[in-house]
Amino acid sequence: MQFKDIVGQRDTINRLTSIIDSGRVSHAQMLLGEAATAMPLVWAYLQYLCCENRQHHDHGDLRADSCDDCPSCKKIASLMHPDLHFIFPTATTSKVKEKPWSGEFQGEFRDFMLQTQGSGNIDDWYETLGIENKQGLIRELDADGVVSDLSLKAYEGGWRMMVIWMAEKMNESFANKLLKTLEEPLPGTLIMLVSESDERMLSTIKSRVQTLRVESGTRKEENNAEFAEMLVGWLRMLFKLKMKELSAQVDKMASLNREQLKLFLQYALKVMRDCFLNSAAGVECHLGSGDEKFDAQFPRMITVNNIELMEEALNDAIFAVERNAYAKIAMMELSFRMSKALKKR
Ligand SMILES: [Zn+2]
């Protein structure tokens, strides 16, 4: 993960790279804000910290970034660095029937992080574990893991790094053990906390970590106005299916970065569902296209005969985008499937 892959956050990123360049890296830091925003920052931060060939720029909006090419960068990018450890909320699952802790789920967590590029939230994680109905926790067993992982000699001779994801889910016994580690830090160790809740963090912990608040990347409302326009433009093309025009529209969608494209597809999914539910209930659905005729007609095209096909096509596209598929091809395929589904009303 490089900083350049992150949407916005330029001021925060420039502060983070300055901290590392100044050599004053605090042994315990907390990024407070939505995990979907904070975790990619932590990931890129650790990659920059370990990078053997940091890149400094004198123009552009980023003052520095990791090289993404040295052995350290590659290990952090793939989350295969032997000195990088993760603690996160867990619960009993069909696989781990008792005494759950992060150590039992390292592989699953790494895959989850790689698939979502750090932008998955707690519900996504619980879904991955198949524990949607349980509350995950970070427990005493996890604390023993922290102590043993951090007291090992660094394999790579550099930093030993521990990321505590969703730190507000730690229980009291974990917090007490963590406090001891924070009070007597081992040299060369770095603990990064990602927390979504200031209130739920113990003040004793907060007083021992350097906290940086992160605001979510883009405002939802701004997104929605932009997305609404893009969605309507695209839907019109799906009726006409003129290749040249459709291709231009697909280019526009594919030019969004991965995170934004995923948000757009989720937005499209929500609009389709709303249209279907509203027209089934005889309520008008406003697409806000600025074209009354289109607004009135389109929702009626979404019926019990095609809503599932559309949902399936959109979900497959979201999955493809998460998996780093080539966006243009994924959007073109989605367009054909949606167009076909629309004709099945
Ligand atoms: Zn590097």
# chains A, B, ... in the order shown; residues from 1 in each chain; ligands from 1
call {"tool": "select_by_dssp", "arguments": {"residues": "range 15-87 of chain A", "states": "helix (DSSP H, G or I)", "output": "VMD selection string"}}
result
chain A and resid 15 to 22 35 to 50 71 to 77
call {"tool": "select_by_dssp", "arguments": {"residues": "range 52-85 of chain A", "states": "strand (DSSP E or B)", "output": "PyMOL selection string"}}
result
chain A and resi 55-56+64-65+84-85
call {"tool": "write_last_selection", "arguments": {"atoms": "N, CA and C atoms", "output": "PDB file, in the first residue's frame"}}
result
ATOM      1  N   GLN A  55      10.849   7.608  -1.363  1.00  0.00           N
ATOM      2  CA  GLN A  55      10.844   8.556  -2.477  1.00  0.00           C
ATOM      3  C   GLN A  55      10.364   9.922  -1.981  1.00  0.00           C
ATOM      4  N   HIS A  56      11.126  10.958  -2.264  1.00  0.00           N
ATOM      5  CA  HIS A  56      10.696  12.312  -1.897  1.00  0.00           C
ATOM      6  C   HIS A  56      10.388  13.102  -3.151  1.00  0.00           C
ATOM      7  N   ALA A  64       6.178  12.728   0.069  1.00  0.00           N
ATOM      8  CA  ALA A  64       7.004  11.521   0.013  1.00  0.00           C
ATOM      9  C   ALA A  64       6.119  10.280  -0.059  1.00  0.00           C
ATOM     10  N   ASP A  65       6.718   9.174  -0.471  1.00  0.00           N
ATOM     11  CA  ASP A  65       5.985   7.906  -0.508  1.00  0.00           C
ATOM     12  C   ASP A  65       7.008   6.771  -0.516  1.00  0.00           C
ATOM     13  N   LEU A  84       5.557  -8.010  11.228  1.00  0.00           N
ATOM     14  CA  LEU A  84       4.276  -7.289  11.252  1.00  0.00           C
ATOM     15  C   LEU A  84       3.189  -8.220  11.786  1.00  0.00           C
ATOM     16  N   HIS A  85       2.584  -7.822  12.888  1.00  0.00           N
ATOM     17  CA  HIS A  85       1.565  -8.661  13.534  1.00  0.00           C
ATOM     18  C   HIS A  85       0.252  -7.911  13.659  1.00  0.00           C
TER      19      HIS A  85
END
call {"tool": "residues_near_ligand", "arguments": {"ligand": "ligand 1", "cutoff": "12 Å", "atoms": "only C-alpha atoms and all ligand atoms", "output": "list of chain:residue names"}}
result
A:Met1, A:Gln2, A:Ala44, A:Tyr45, A:Leu46, A:Gln47, A:Tyr48, A:Leu49, A:Cys50, A:Cys51, A:Glu52, A:Asn53, A:Arg54, A:Gln55, A:His56, A:Ala64, A:Asp65, A:Ser66, A:Cys67, A:Asp68, A:Asp69, A:Cys70, A:Pro71, A:Ser72, A:Cys73, A:Lys74, A:Lys75, A:Ile76, A:Ala77
call {"tool": "residues_around", "arguments": {"residues": "Ser216 in chain A", "least_positions_apart": "2", "cutoff": "12 Å", "atoms": "only C-alpha atoms", "output": "MDAnalysis selection string"}}
result
chainID A and resid 6:9 12 31:41 119 196 213:214 218:220
call {"tool": "residues_around", "arguments": {"residues": "Glu168 in chain A", "least_positions_apart": "5", "cutoff": "7 Å", "atoms": "only C-alpha atoms", "output": "list of chain:residue names"}}
result
A:Ser195, A:Glu196, A:Ser197, A:Arg200, A:Met201
call {"tool": "residues_around", "arguments": {"residues": "Phe227 in chain A", "least_positions_apart": "3", "cutoff": "9 Å", "atoms": "only C-alpha atoms", "output": "number ranges by chain"}}
result
A: 222-224, 230-232, 263-264, 267-268
call {"tool": "write_last_selection", "arguments": {"atoms": "C-alpha atoms", "output": "compact mmCIF listing (two decimals), in the first residue's frame"}}
result
# COMPACT_ATOMS: atom_id res chain seq x y z
CA GLU A 222 -20.72 15.12 -2.51
CA ASN A 223 -20.24 11.60 -3.74
CA ASN A 224 -23.93 11.02 -4.18
CA MET A 230 -22.93 9.14 -13.51
CA LEU A 231 -25.53 6.49 -12.80
CA VAL A 232 -28.22 8.16 -14.87
CA LEU A 263 -18.80 3.07 -3.56
CA PHE A 264 -20.39 3.93 -6.89
CA TYR A 267 -24.73 3.30 -4.62
CA ALA A 268 -26.11 1.86 -7.89
call {"tool": "residues_around", "arguments": {"residues": "Ala341 in chain A", "least_positions_apart": "4", "cutoff": "8 Å", "atoms": "only C-alpha atoms", "output": "list in words"}}
result
Asn306, Ile307, Leu309, Met310, Arg337 and Arg345 of chain A
call {"tool": "residues_around", "arguments": {"residues": "range 96-113 of chain A", "least_positions_apart": "3", "cutoff": "8 Å", "atoms": "only C-alpha atoms", "output": "list in words"}}
result
Leu79, Phe86, Ile87, Phe88, Pro89, Thr90, Ala91, Thr92, Thr93, Thr116, Gln117, Gly118, Ser119, Gly120, Trp125, Thr128, Leu129, Ile138, Arg139, Leu141, Asp142 and Gly145 of chain A
call {"tool": "write_last_selection", "arguments": {"atoms": "N, CA and C atoms", "output": "PDB file, in the first residue's frame"}}
result
ATOM      1  N   LEU A  79       1.489  -8.034   3.150  1.00  0.00           N
ATOM      2  CA  LEU A  79       1.282  -8.354   4.571  1.00  0.00           C
ATOM      3  C   LEU A  79       1.998  -9.637   4.974  1.00  0.00           C
ATOM      4  N   PHE A  86      -0.827  -8.669  13.693  1.00  0.00           N
ATOM      5  CA  PHE A  86      -2.156  -8.045  13.807  1.00  0.00           C
ATOM      6  C   PHE A  86      -2.944  -8.611  14.976  1.00  0.00           C
ATOM      7  N   ILE A  87      -3.604  -7.703  15.665  1.00  0.00           N
ATOM      8  CA  ILE A  87      -4.568  -8.079  16.702  1.00  0.00           C
ATOM      9  C   ILE A  87      -5.900  -7.462  16.282  1.00  0.00           C
ATOM     10  N   PHE A  88      -6.980  -8.228  16.421  1.00  0.00           N
ATOM     11  CA  PHE A  88      -8.287  -7.749  15.950  1.00  0.00           C
ATOM     12  C   PHE A  88      -9.368  -8.524  16.698  1.00  0.00           C
ATOM     13  N   PRO A  89     -10.615  -8.050  16.635  1.00  0.00           N
ATOM     14  CA  PRO A  89     -11.679  -8.748  17.365  1.00  0.00           C
ATOM     15  C   PRO A  89     -11.996 -10.112  16.748  1.00  0.00           C
ATOM     16  N   THR A  90     -12.212 -11.082  17.618  1.00  0.00           N
ATOM     17  CA  THR A  90     -12.609 -12.417  17.152  1.00  0.00           C
ATOM     18  C   THR A  90     -13.716 -12.947  18.069  1.00  0.00           C
ATOM     19  N   ALA A  91     -14.290 -14.051  17.648  1.00  0.00           N
ATOM     20  CA  ALA A  91     -15.274 -14.762  18.474  1.00  0.00           C
ATOM     21  C   ALA A  91     -15.170 -16.231  18.096  1.00  0.00           C
ATOM     22  N   THR A  92     -15.880 -17.088  18.816  1.00  0.00           N
ATOM     23  CA  THR A  92     -15.845 -18.506  18.443  1.00  0.00           C
ATOM     24  C   THR A  92     -16.506 -18.676  17.080  1.00  0.00           C
ATOM     25  N   THR A  93     -15.953 -19.603  16.300  1.00  0.00           N
ATOM     26  CA  THR A  93     -16.489 -19.863  14.960  1.00  0.00           C
ATOM     27  C   THR A  93     -16.637 -21.371  14.817  1.00  0.00           C
ATOM     28  N   THR A 116      -9.834  -6.272   0.655  1.00  0.00           N
ATOM     29  CA  THR A 116     -10.505  -4.976   0.813  1.00  0.00           C
ATOM     30  C   THR A 116      -9.502  -3.832   0.748  1.00  0.00           C
ATOM     31  N   GLN A 117      -8.232  -4.157   0.602  1.00  0.00           N
ATOM     32  CA  GLN A 117      -7.174  -3.146   0.643  1.00  0.00           C
ATOM     33  C   GLN A 117      -7.306  -2.264   1.892  1.00  0.00           C
ATOM     34  N   GLY A 118      -7.637  -2.917   2.993  1.00  0.00           N
ATOM     35  CA  GLY A 118      -7.693  -2.215   4.272  1.00  0.00           C
ATOM     36  C   GLY A 118      -8.995  -1.476   4.518  1.00  0.00           C
ATOM     37  N   SER A 119      -9.879  -1.446   3.508  1.00  0.00           N
ATOM     38  CA  SER A 119     -11.068  -0.605   3.687  1.00  0.00           C
ATOM     39  C   SER A 119     -12.315  -1.381   4.113  1.00  0.00           C
ATOM     40  N   GLY A 120     -12.121  -2.628   4.567  1.00  0.00           N
ATOM     41  CA  GLY A 120     -13.266  -3.375   5.098  1.00  0.00           C
ATOM     42  C   GLY A 120     -13.630  -2.869   6.484  1.00  0.00           C
ATOM     43  N   TRP A 125     -15.790  -7.940   8.315  1.00  0.00           N
ATOM     44  CA  TRP A 125     -14.885  -8.913   8.948  1.00  0.00           C
ATOM     45  C   TRP A 125     -15.688 -10.031   9.614  1.00  0.00           C
ATOM     46  N   THR A 128     -16.883 -12.344   7.080  1.00  0.00           N
ATOM     47  CA  THR A 128     -15.808 -13.219   6.621  1.00  0.00           C
ATOM     48  C   THR A 128     -15.644 -14.403   7.571  1.00  0.00           C
ATOM     49  N   LEU A 129     -15.737 -14.118   8.863  1.00  0.00           N
ATOM     50  CA  LEU A 129     -15.576 -15.184   9.857  1.00  0.00           C
ATOM     51  C   LEU A 129     -16.840 -16.019  10.012  1.00  0.00           C
ATOM     52  N   ILE A 138     -11.404  -8.261  21.666  1.00  0.00           N
ATOM     53  CA  ILE A 138      -9.957  -8.454  21.775  1.00  0.00           C
ATOM     54  C   ILE A 138      -9.720  -8.781  23.248  1.00  0.00           C
ATOM     55  N   ARG A 139      -9.158  -9.965  23.503  1.00  0.00           N
ATOM     56  CA  ARG A 139      -9.143 -10.495  24.873  1.00  0.00           C
ATOM     57  C   ARG A 139      -7.731 -10.653  25.444  1.00  0.00           C
ATOM     58  N   LEU A 141      -6.020 -13.311  25.907  1.00  0.00           N
ATOM     59  CA  LEU A 141      -5.168 -14.181  25.084  1.00  0.00           C
ATOM     60  C   LEU A 141      -4.452 -13.383  24.003  1.00  0.00           C
ATOM     61  N   ASP A 142      -5.141 -12.378  23.454  1.00  0.00           N
ATOM     62  CA  ASP A 142      -4.523 -11.530  22.439  1.00  0.00           C
ATOM     63  C   ASP A 142      -3.344 -10.757  23.029  1.00  0.00           C
ATOM     64  N   GLY A 145      -0.351 -12.671  23.139  1.00  0.00           N
ATOM     65  CA  GLY A 145       0.215 -12.676  21.779  1.00  0.00           C
ATOM     66  C   GLY A 145       1.038 -11.425  21.517  1.00  0.00           C
TER      67      GLY A 145
END
call {"tool": "closest_residue", "arguments": {"among": "A:Met80, A:Leu277, A:Ala317, A:Leu202", "to": "Arg300 in chain A", "atoms": "only C-alpha atoms"}}
result
A:Leu277
call {"tool": "atom_distance", "arguments": {"atom1": "CA of Ser335 in chain A", "atom2": "CA of Lys4 in chain A"}}
result
29.1 Å
call {"tool": "atom_distance", "arguments": {"atom1": "CA of Ala325 in chain A", "atom2": "CA of Phe3 in chain A"}}
result
20.6 Å
call {"tool": "atom_distance", "arguments": {"atom1": "CA of Ile13 in chain A", "atom2": "CA of Leu137 in chain A"}}
result
29.6 Å
